[in-house]
>>> print(open('coords37.tsv').read())   # TSV, C-alpha atoms
chain	number	residue	atom	x	y	z
P	21	MET	CA	-49.42	56.10	-133.35
P	22	ALA	CA	-52.78	56.53	-131.65
P	23	SER	CA	-54.20	60.05	-131.73
P	24	ARG	CA	-54.18	62.06	-128.53
P	25	LYS	CA	-57.35	62.04	-126.48
P	26	GLU	CA	-59.24	65.21	-125.69
P	27	VAL	CA	-60.07	65.22	-121.98
P	28	LEU	CA	-62.20	67.79	-120.17
P	29	VAL	CA	-61.92	68.12	-116.38
P	30	VAL	CA	-64.85	69.92	-114.76
P	31	GLY	CA	-63.92	71.14	-111.30
P	32	PHE	CA	-60.54	72.67	-110.53
P	33	GLY	CA	-60.15	72.04	-106.83
P	34	ALA	CA	-57.40	69.85	-105.40
P	35	VAL	CA	-58.64	66.58	-106.94
P	36	GLY	CA	-59.37	68.16	-110.32
P	37	ILE	CA	-55.96	69.82	-110.43
P	38	MET	CA	-54.08	66.67	-109.46
P	39	TYR	CA	-55.81	64.44	-111.99
P	40	SER	CA	-55.48	67.07	-114.71
P	41	PHE	CA	-51.76	67.16	-113.90
P	42	ILE	CA	-51.49	63.36	-113.86
P	43	ILE	CA	-53.24	62.92	-117.23
P	44	LYS	CA	-51.27	65.69	-118.91
P	45	ARG	CA	-48.05	64.28	-117.45
P	46	GLY	CA	-48.85	60.93	-119.07
P	47	GLY	CA	-48.57	62.58	-122.49
P	48	LYS	CA	-51.49	60.82	-124.19
P	49	ALA	CA	-54.15	63.53	-123.92
P	50	ASN	CA	-54.80	67.22	-124.30
P	51	VAL	CA	-56.31	68.46	-121.06
P	52	THR	CA	-58.93	71.21	-120.88
P	53	CYS	CA	-60.17	72.37	-117.47
P	54	VAL	CA	-63.13	74.36	-116.19
P	55	ALA	CA	-62.24	76.56	-113.23
P	56	ARG	CA	-64.27	79.07	-111.29
P	57	GLY	CA	-62.76	80.73	-108.23
P	58	ASN	CA	-59.13	80.14	-109.21
P	59	TYR	CA	-59.46	80.88	-112.93
P	60	GLU	CA	-57.68	84.25	-112.92
P	61	ALA	CA	-54.89	83.18	-110.57
P	62	THR	CA	-54.22	80.08	-112.65
P	63	GLN	CA	-54.21	82.01	-115.92
P	64	ALA	CA	-51.77	84.50	-114.47
P	65	ASN	CA	-49.32	82.32	-112.54
P	66	GLY	CA	-50.36	78.69	-112.83
P	67	ILE	CA	-50.57	76.20	-109.96
P	68	TYR	CA	-47.80	75.40	-107.50
P	69	ILE	CA	-48.06	71.64	-106.96
P	70	LYS	CA	-46.26	70.30	-103.89
P	71	SER	CA	-46.41	66.52	-104.13
P	72	ARG	CA	-44.58	63.89	-102.11
P	73	LYS	CA	-44.94	61.58	-105.11
P	74	TYR	CA	-44.44	63.83	-108.14
P	75	GLY	CA	-42.23	66.51	-106.58
P	76	ASP	CA	-42.63	70.27	-106.61
P	77	VAL	CA	-43.95	71.79	-109.84
P	78	GLN	CA	-44.32	75.56	-110.05
P	79	GLY	CA	-46.48	77.39	-112.56
P	80	TRP	CA	-48.31	74.31	-113.87
P	81	LYS	CA	-51.22	74.89	-116.25
P	82	PRO	CA	-53.53	72.62	-118.26
P	83	ASP	CA	-53.52	72.89	-122.05
P	84	ARG	CA	-56.68	75.03	-121.96
P	85	LEU	CA	-58.64	76.72	-119.18
P	86	PHE	CA	-62.20	78.06	-119.25
P	87	ARG	CA	-64.63	79.60	-116.78
P	88	THR	CA	-67.69	77.55	-117.80
P	89	VAL	CA	-68.60	74.22	-119.34
P	90	ALA	CA	-70.44	76.08	-122.11
P	91	ASP	CA	-67.24	77.90	-123.07
P	92	ALA	CA	-65.30	74.63	-123.11
P	93	ALA	CA	-67.89	72.83	-125.27
P	94	ASP	CA	-66.16	73.89	-128.48
P	95	ARG	CA	-64.86	70.46	-129.49
P	96	PRO	CA	-65.58	66.77	-128.98
P	97	TYR	CA	-64.12	65.11	-125.90
P	98	SER	CA	-63.34	61.45	-125.42
P	99	HIS	CA	-63.70	61.76	-121.64
P	100	VAL	CA	-65.28	64.30	-119.30
P	101	ILE	CA	-63.99	63.95	-115.75
P	102	VAL	CA	-66.18	65.49	-113.06
P	103	THR	CA	-64.52	66.43	-109.78
P	104	THR	CA	-67.08	68.94	-108.50
P	105	LYS	CA	-68.95	68.19	-105.31
P	106	ALA	CA	-72.11	66.08	-105.59
P	107	LEU	CA	-74.66	68.57	-104.27
P	108	SER	CA	-78.44	68.20	-104.26
P	109	ASN	CA	-78.92	71.89	-105.08
P	110	ALA	CA	-76.53	71.78	-108.07
P	111	PRO	CA	-77.24	68.64	-110.16
P	112	THR	CA	-74.35	67.30	-112.23
P	113	SER	CA	-76.67	66.94	-115.23
P	114	THR	CA	-77.36	70.69	-115.19
P	115	LEU	CA	-73.67	71.52	-114.98
P	116	LEU	CA	-72.78	69.25	-117.91
P	117	ALA	CA	-75.83	69.95	-120.09
P	118	PRO	CA	-73.88	71.79	-122.86
P	119	LEU	CA	-71.93	68.58	-123.50
P	120	PHE	CA	-74.88	66.30	-124.23
P	121	SER	CA	-77.81	68.53	-125.16
P	122	GLU	CA	-79.64	67.93	-128.43
P	123	LYS	CA	-78.04	71.13	-129.74
P	124	SER	CA	-74.50	69.82	-129.29
P	125	PRO	CA	-72.89	68.85	-132.64
P	126	TYR	CA	-70.53	66.37	-130.96
P	127	PRO	CA	-70.87	62.76	-129.79
P	128	VAL	CA	-71.73	62.21	-126.14
P	129	PRO	CA	-68.45	61.66	-124.27
P	130	ILE	CA	-67.62	59.05	-121.68
P	131	PHE	CA	-68.32	60.60	-118.29
P	132	VAL	CA	-66.02	59.80	-115.35
P	133	LEU	CA	-67.36	60.84	-111.95
P	134	LEU	CA	-64.73	61.45	-109.27
P	135	GLN	CA	-67.26	62.36	-106.62
P	136	ASN	CA	-67.68	61.20	-103.04
P	137	GLY	CA	-70.80	59.46	-101.86
P	138	LEU	CA	-73.45	57.04	-103.07
P	139	SER	CA	-75.74	57.19	-106.13
P	140	VAL	CA	-73.96	60.30	-107.41
P	141	GLU	CA	-74.27	58.99	-110.96
P	142	ARG	CA	-78.04	58.50	-110.98
P	143	ASP	CA	-79.06	62.03	-111.97
P	144	LEU	CA	-76.63	62.26	-114.91
P	145	TYR	CA	-77.47	58.74	-116.08
P	146	GLU	CA	-81.23	59.38	-116.15
P	147	VAL	CA	-81.02	62.77	-117.86
P	148	VAL	CA	-78.55	61.74	-120.58
P	149	LYS	CA	-80.53	58.56	-121.26
P	150	LYS	CA	-83.74	60.57	-121.60
P	151	VAL	CA	-82.15	63.05	-124.02
P	152	HIS	CA	-80.48	60.47	-126.27
P	153	GLN	CA	-82.73	57.43	-125.74
P	154	LYS	CA	-79.79	55.12	-125.15
P	155	GLU	CA	-77.53	53.98	-122.34
P	156	PRO	CA	-74.83	56.56	-121.52
P	157	ASN	CA	-71.30	55.41	-120.71
P	158	ILE	CA	-70.53	56.54	-117.18
P	159	ILE	CA	-67.45	55.38	-115.30
P	160	SER	CA	-68.01	55.25	-111.57
P	161	THR	CA	-65.02	55.60	-109.26
P	162	ALA	CA	-63.82	55.19	-105.72
P	163	LEU	CA	-60.87	57.46	-105.06
P	164	TRP	CA	-58.26	57.61	-102.31
P	165	ILE	CA	-56.07	60.71	-102.29
P	166	GLY	CA	-54.68	63.15	-99.75
P	167	THR	CA	-54.74	66.58	-101.31
P	168	ASN	CA	-55.89	70.09	-100.41
P	169	VAL	CA	-55.74	73.53	-101.97
P	170	LEU	CA	-53.77	75.99	-99.84
P	171	GLU	CA	-53.55	79.76	-99.92
P	172	GLY	CA	-51.66	81.17	-102.89
P	173	ASN	CA	-53.00	78.65	-105.45
P	174	ILE	CA	-50.85	75.91	-103.94
P	175	VAL	CA	-51.94	72.27	-104.07
P	176	ASP	CA	-50.55	70.00	-101.36
P	177	HIS	CA	-50.50	66.33	-102.42
P	178	SER	CA	-49.57	64.60	-99.17
P	179	HIS	CA	-50.55	60.97	-99.84
P	180	PRO	CA	-50.21	58.94	-103.06
P	181	GLU	CA	-53.47	58.49	-104.96
P	182	ARG	CA	-55.21	55.34	-106.13
P	183	MET	CA	-58.47	54.81	-107.96
P	184	SER	CA	-60.94	51.97	-108.48
P	185	ILE	CA	-63.21	52.17	-111.51
P	186	GLY	CA	-66.17	50.34	-113.03
P	187	MET	CA	-69.15	50.99	-115.28
P	188	TYR	CA	-72.12	52.59	-113.59
P	189	ARG	CA	-75.26	50.47	-113.59
P	190	PRO	CA	-78.51	51.79	-112.07
P	191	SER	CA	-79.09	48.64	-110.03
P	192	TYR	CA	-76.80	46.40	-107.99
P	193	ILE	CA	-76.03	43.12	-109.81
P	194	PRO	CA	-73.75	40.98	-107.59
P	195	ASP	CA	-72.26	38.67	-110.23
P	196	VAL	CA	-72.18	41.00	-113.24
P	197	THR	CA	-69.20	40.91	-115.60
P	198	ASN	CA	-68.09	43.62	-118.00
P	199	THR	CA	-68.85	43.19	-121.67
P	200	PRO	CA	-65.93	43.44	-124.14
P	201	GLU	CA	-67.04	47.00	-124.95
P	202	GLU	CA	-67.16	47.93	-121.25
P	203	ARG	CA	-63.72	46.42	-120.64
P	204	ALA	CA	-62.32	48.45	-123.52
P	205	ILE	CA	-63.86	51.67	-122.16
P	206	LEU	CA	-62.48	51.08	-118.67
P	207	HIS	CA	-58.97	50.07	-119.72
P	208	GLU	CA	-58.72	52.95	-122.18
P	209	PHE	CA	-59.35	55.40	-119.34
P	210	ALA	CA	-57.07	53.49	-116.96
P	211	ARG	CA	-54.17	53.85	-119.38
P	212	LEU	CA	-54.47	57.64	-119.26
P	213	LEU	CA	-53.57	57.45	-115.57
P	214	GLU	CA	-51.20	54.49	-115.66
P	215	ASP	CA	-49.01	56.28	-118.23
P	216	SER	CA	-48.21	58.69	-115.42
P	217	ASN	CA	-47.66	55.92	-112.84
P	218	SER	CA	-50.99	56.57	-111.15
P	219	PRO	CA	-52.53	53.26	-110.00
P	220	VAL	CA	-55.97	52.16	-111.21
P	221	SER	CA	-57.93	49.00	-110.42
P	222	VAL	CA	-60.69	47.90	-112.81
P	223	PHE	CA	-63.75	46.10	-111.43
P	224	ASP	CA	-66.75	44.33	-112.94
P	225	GLU	CA	-68.99	45.63	-110.17
P	226	ILE	CA	-68.02	48.97	-108.60
P	227	GLN	CA	-70.94	49.80	-106.29
P	228	ARG	CA	-69.68	47.54	-103.50
P	229	ILE	CA	-66.29	49.32	-103.69
P	230	LYS	CA	-67.95	52.75	-103.49
P	231	PHE	CA	-70.08	51.63	-100.55
P	232	LYS	CA	-66.99	50.38	-98.72
P	233	LYS	CA	-65.14	53.64	-99.43
P	234	ASN	CA	-68.07	55.57	-97.99
P	235	PHE	CA	-67.48	54.05	-94.53
P	236	TRP	CA	-64.58	56.45	-94.00
P	237	ASN	CA	-66.34	59.51	-95.40
P	238	ALA	CA	-69.61	58.87	-93.54
P	239	ALA	CA	-67.95	58.19	-90.17
P	240	PHE	CA	-64.56	59.87	-89.87
P	241	GLY	CA	-65.17	62.60	-92.45
P	242	THR	CA	-68.46	63.72	-90.94
P	243	CYS	CA	-67.25	63.63	-87.33
P	244	ALA	CA	-64.13	65.63	-88.16
P	245	THR	CA	-66.42	68.17	-89.81
P	246	LEU	CA	-68.69	68.45	-86.77
P	247	VAL	CA	-65.79	69.06	-84.38
P	248	ARG	CA	-63.89	71.13	-86.99
P	249	TYR	CA	-60.53	69.50	-86.34
P	250	PRO	CA	-58.35	67.18	-88.47
P	251	LEU	CA	-58.31	63.48	-87.67
P	252	GLY	CA	-55.02	63.53	-85.80
P	253	THR	CA	-56.97	65.03	-82.88
P	254	PHE	CA	-59.03	61.83	-82.68
P	255	PHE	CA	-55.95	59.68	-81.99
P	256	ASN	CA	-53.29	61.82	-80.33
P	257	ASP	CA	-54.84	61.96	-76.87
P	258	VAL	CA	-55.63	58.66	-75.13
P	259	ILE	CA	-58.64	60.06	-73.25
P	260	VAL	CA	-60.18	61.56	-76.38
P	261	GLU	CA	-59.46	58.40	-78.38
P	262	ALA	CA	-61.18	56.26	-75.74
P	263	LEU	CA	-64.26	58.47	-75.93
P	264	VAL	CA	-64.52	59.01	-79.67
P	265	ILE	CA	-63.34	55.91	-81.50
P	266	PRO	CA	-65.93	53.50	-79.98
P	267	GLN	CA	-68.67	55.85	-81.19
P	268	VAL	CA	-67.16	56.02	-84.68
P	269	ARG	CA	-67.01	52.23	-84.68
P	270	VAL	CA	-70.72	51.96	-83.85
P	271	MET	CA	-71.48	54.39	-86.69
P	272	MET	CA	-69.67	52.07	-89.07
P	273	LEU	CA	-71.54	49.06	-87.73
P	274	GLU	CA	-74.75	50.92	-88.59
P	275	ILE	CA	-73.40	51.48	-92.13
P	276	LEU	CA	-72.58	47.77	-92.37
P	277	ALA	CA	-76.15	46.87	-91.37
P	278	ILE	CA	-77.52	49.21	-94.05
P	279	GLY	CA	-75.25	47.60	-96.63
P	280	ARG	CA	-76.51	44.15	-95.70
P	281	ALA	CA	-80.11	45.31	-96.09
P	282	MET	CA	-79.25	46.74	-99.54
P	283	GLY	CA	-77.98	43.36	-100.72
P	284	PHE	CA	-74.23	43.49	-100.08
P	285	ASP	CA	-73.44	40.05	-98.62
P	286	GLU	CA	-70.28	39.00	-96.79
P	287	LYS	CA	-68.44	38.39	-100.06
P	288	ALA	CA	-69.30	41.83	-101.42
P	289	LEU	CA	-68.85	43.66	-98.12
P	290	PRO	CA	-66.77	41.73	-95.57
P	291	SER	CA	-67.62	42.41	-91.93
P	292	ASP	CA	-63.99	43.19	-91.14
P	293	VAL	CA	-64.30	46.42	-93.17
P	294	VAL	CA	-65.08	48.22	-89.90
P	295	ASP	CA	-61.87	47.17	-88.16
P	296	ASP	CA	-59.87	47.66	-91.38
P	297	VAL	CA	-61.01	51.28	-91.71
P	298	LEU	CA	-60.30	51.98	-88.05
P	299	LYS	CA	-56.85	50.43	-88.24
P	300	SER	CA	-55.78	52.13	-91.45
P	301	THR	CA	-57.00	55.53	-90.26
P	302	GLU	CA	-55.17	55.17	-86.96
P	303	GLU	CA	-51.96	54.13	-88.73
P	304	ILE	CA	-52.04	57.25	-90.87
P	305	HIS	CA	-53.04	59.80	-88.25
P	306	LYS	CA	-51.82	58.62	-84.84
P	307	GLY	CA	-48.60	60.16	-83.57
P	308	THR	CA	-48.05	62.28	-86.67
P	309	ASP	CA	-48.20	65.94	-87.56
P	310	ILE	CA	-50.45	65.31	-90.56
P	311	THR	CA	-53.04	68.07	-90.78
P	312	HIS	CA	-54.89	66.82	-93.87
P	313	ARG	CA	-58.56	67.70	-93.61
P	314	PRO	CA	-61.40	65.60	-95.02
P	315	SER	CA	-62.99	67.28	-98.02
P	316	MET	CA	-66.22	67.94	-96.11
P	317	LEU	CA	-64.34	69.79	-93.36
P	318	HIS	CA	-62.35	71.70	-95.97
P	319	ASP	CA	-65.59	72.83	-97.61
P	320	LEU	CA	-67.04	73.95	-94.29
P	321	GLU	CA	-63.95	75.98	-93.44
P	322	TYR	CA	-64.23	77.79	-96.76
P	323	GLY	CA	-67.97	78.36	-96.40
P	324	ARG	CA	-68.93	76.04	-99.25
P	325	PRO	CA	-71.89	73.62	-99.34
P	326	MET	CA	-70.88	70.09	-98.34
P	327	GLU	CA	-71.62	66.64	-99.77
P	328	VAL	CA	-73.95	65.80	-96.89
P	329	GLU	CA	-76.66	64.17	-99.00
P	330	ALA	CA	-74.37	62.01	-101.12
P	331	ILE	CA	-72.20	60.82	-98.24
P	332	LEU	CA	-74.68	60.56	-95.38
P	333	GLY	CA	-78.19	61.39	-96.58
P	334	GLU	CA	-78.25	58.48	-99.03
P	335	LEU	CA	-77.29	56.11	-96.22
P	336	VAL	CA	-80.03	57.45	-93.94
P	337	ARG	CA	-82.64	57.19	-96.70
P	338	ASN	CA	-81.65	53.57	-97.35
P	339	ALA	CA	-81.80	52.84	-93.63
P	340	ARG	CA	-85.35	54.16	-93.48
P	341	GLU	CA	-86.38	52.32	-96.63
P	342	HIS	CA	-85.05	49.00	-95.31
P	343	GLN	CA	-86.10	49.65	-91.68
P	344	VAL	CA	-82.54	49.58	-90.31
P	345	ASN	CA	-82.01	51.31	-86.98
P	346	ALA	CA	-79.19	53.87	-87.36
P	347	PRO	CA	-79.54	56.45	-84.56
P	348	ARG	CA	-75.97	57.77	-84.68
P	349	LEU	CA	-76.04	58.28	-88.43
P	350	GLU	CA	-79.43	59.98	-88.09
P	351	LEU	CA	-78.05	62.33	-85.42
P	352	VAL	CA	-74.92	63.29	-87.35
P	353	TYR	CA	-76.97	63.74	-90.53
P	354	SER	CA	-79.46	66.02	-88.78
P	355	LEU	CA	-76.71	68.19	-87.26
P	356	LEU	CA	-74.79	68.49	-90.52
P	357	SER	CA	-78.06	69.38	-92.26
P	358	VAL	CA	-78.37	72.41	-90.00
P	359	ILE	CA	-74.89	73.56	-90.99
P	360	GLN	CA	-75.54	72.79	-94.66
P	361	ASN	CA	-78.73	74.84	-94.66
P	362	GLN	CA	-76.86	77.86	-93.32
P	363	LEU	CA	-74.08	77.48	-95.90
P	364	ILE	CA	-76.60	77.32	-98.77
P	365	GLN	CA	-78.54	80.34	-97.46
P	366	ARG	CA	-75.35	82.39	-97.31
P	367	LYS	CA	-74.63	81.51	-100.95
>>> encode(input="coords37.tsv", output="structure tokens")
Amino acid sequence: MASRKEVLVVGFGAVGIMYSFIIKRGGKANVTCVARGNYEATQANGIYIKSRKYGDVQGWKPDRLFRTVADAADRPYSHVIVTTKALSNAPTSTLLAPLFSEKSPYPVPIFVLLQNGLSVERDLYEVVKKVHQKEPNIISTALWIGTNVLEGNIVDHSHPERMSIGMYRPSYIPDVTNTPEERAILHEFARLLEDSNSPVSVFDEIQRIKFKKNFWNAAFGTCATLVRYPLGTFFNDVIVEALVIPQVRVMMLEILAIGRAMGFDEKALPSDVVDDVLKSTEEIHKGTDITHRPSMLHDLEYGRPMEVEAILGELVRNAREHQVNAPRLELVYSLLSVIQNQLIQRK
């Protein structure tokens, strides 16, 4: 029988809790988590998970729980899953430094980044490579999940999760294929989730998938944050829908133009992605009482810095670099930057 994996999850918000739960439920790994704000509550009473897929689970805890990455760096890990926000003022490489520094007695783990946005892997990749003078193994992901943390250390899991994964590469290579070693790394991680009936799709090239996923975050997620209402409000009044949705569509057309300039052709990024995102979002939110909030809006409501740079700033910088006109994205980015600046100052 294969030995159990040692998995560390850094970030104990809704996504971190759900994937810690899923991996532990699969029974093939010991799960250690790093929690900050909810450390004491979790140690005392555990998490109340309310999931439409997995049922209600009261008092759930990981195998081990620590306050800091440094405290958790007491053993080797096969995988380190990062679910913290990708923030420009808090680099992932700084957060994870105890796990790959020259002083660490353990092998460098496989890093799995469950973070929204584009180019979130770059910082960690460059720093680990510089320290160890070799290519780090970083799994890049695109994640779809409806989950929020509620008052009382309750996690609401309203929509079934799914994940796409691939090896991070610092440049876009359209026709790349995974090496046997890369395939083994990806499928080994996928099995940790599949053992708990959590779907995973493995790709040779993941950046096009992440870019496509970012359409929703950069258009619907940011607009919901600016108006501070969940997405049902965009669709449940015909007058509001007629005003708002055409503007969201134009935002996504700007994203599509940026993608084309970055090298994503019709095969990599089909033009119908815009209508597909609009249709799927409407199907979920129109005529329902779903109050799920995009993660950016959730962060704003709790006074936390948002993933503005990873989700929107990276798009705007690519638009400028490739001379793509994107006035709506520029406007939303500038307004969210004002809010972000205030949130960071308050911290």
>>> atom_distance(input="coords37.tsv", atom1="atom CA of Ala110 of chain P", atom2="atom CA of Leu212 of chain P")
28.5 Å
>>> closest_residue(input="coords37.tsv", among="P:Val247, P:Ala93, P:Ala238, P:Leu263", to="Leu332 of chain P", atoms="only C-alpha atoms")
P:Ala238
>>> closest_residue(input="coords37.tsv", among="P:Gly75, P:Pro180, P:Pro82, P:Pro250", to="Ser40 of chain P", atoms="all atoms listed in the file")
P:Pro82
>>> atom_distance(input="coords37.tsv", atom1="atom CA of Gly186 of chain P", atom2="atom CA of Glu274 of chain P")
25.9 Å
>>> closest_residue(input="coords37.tsv", among="P:Val35, P:Ile42, P:Val297, P:Ala204", to="Asn136 of chain P", atoms="all atoms listed in the file")
P:Val35
>>> residues_around(input="coords37.tsv", residues="Phe254 of chain P", least_positions_apart="6", cutoff="8 Å", atoms="all atoms listed in the file", output="list in words")
Val260, Glu261, Val264 and Ile265 of chain P
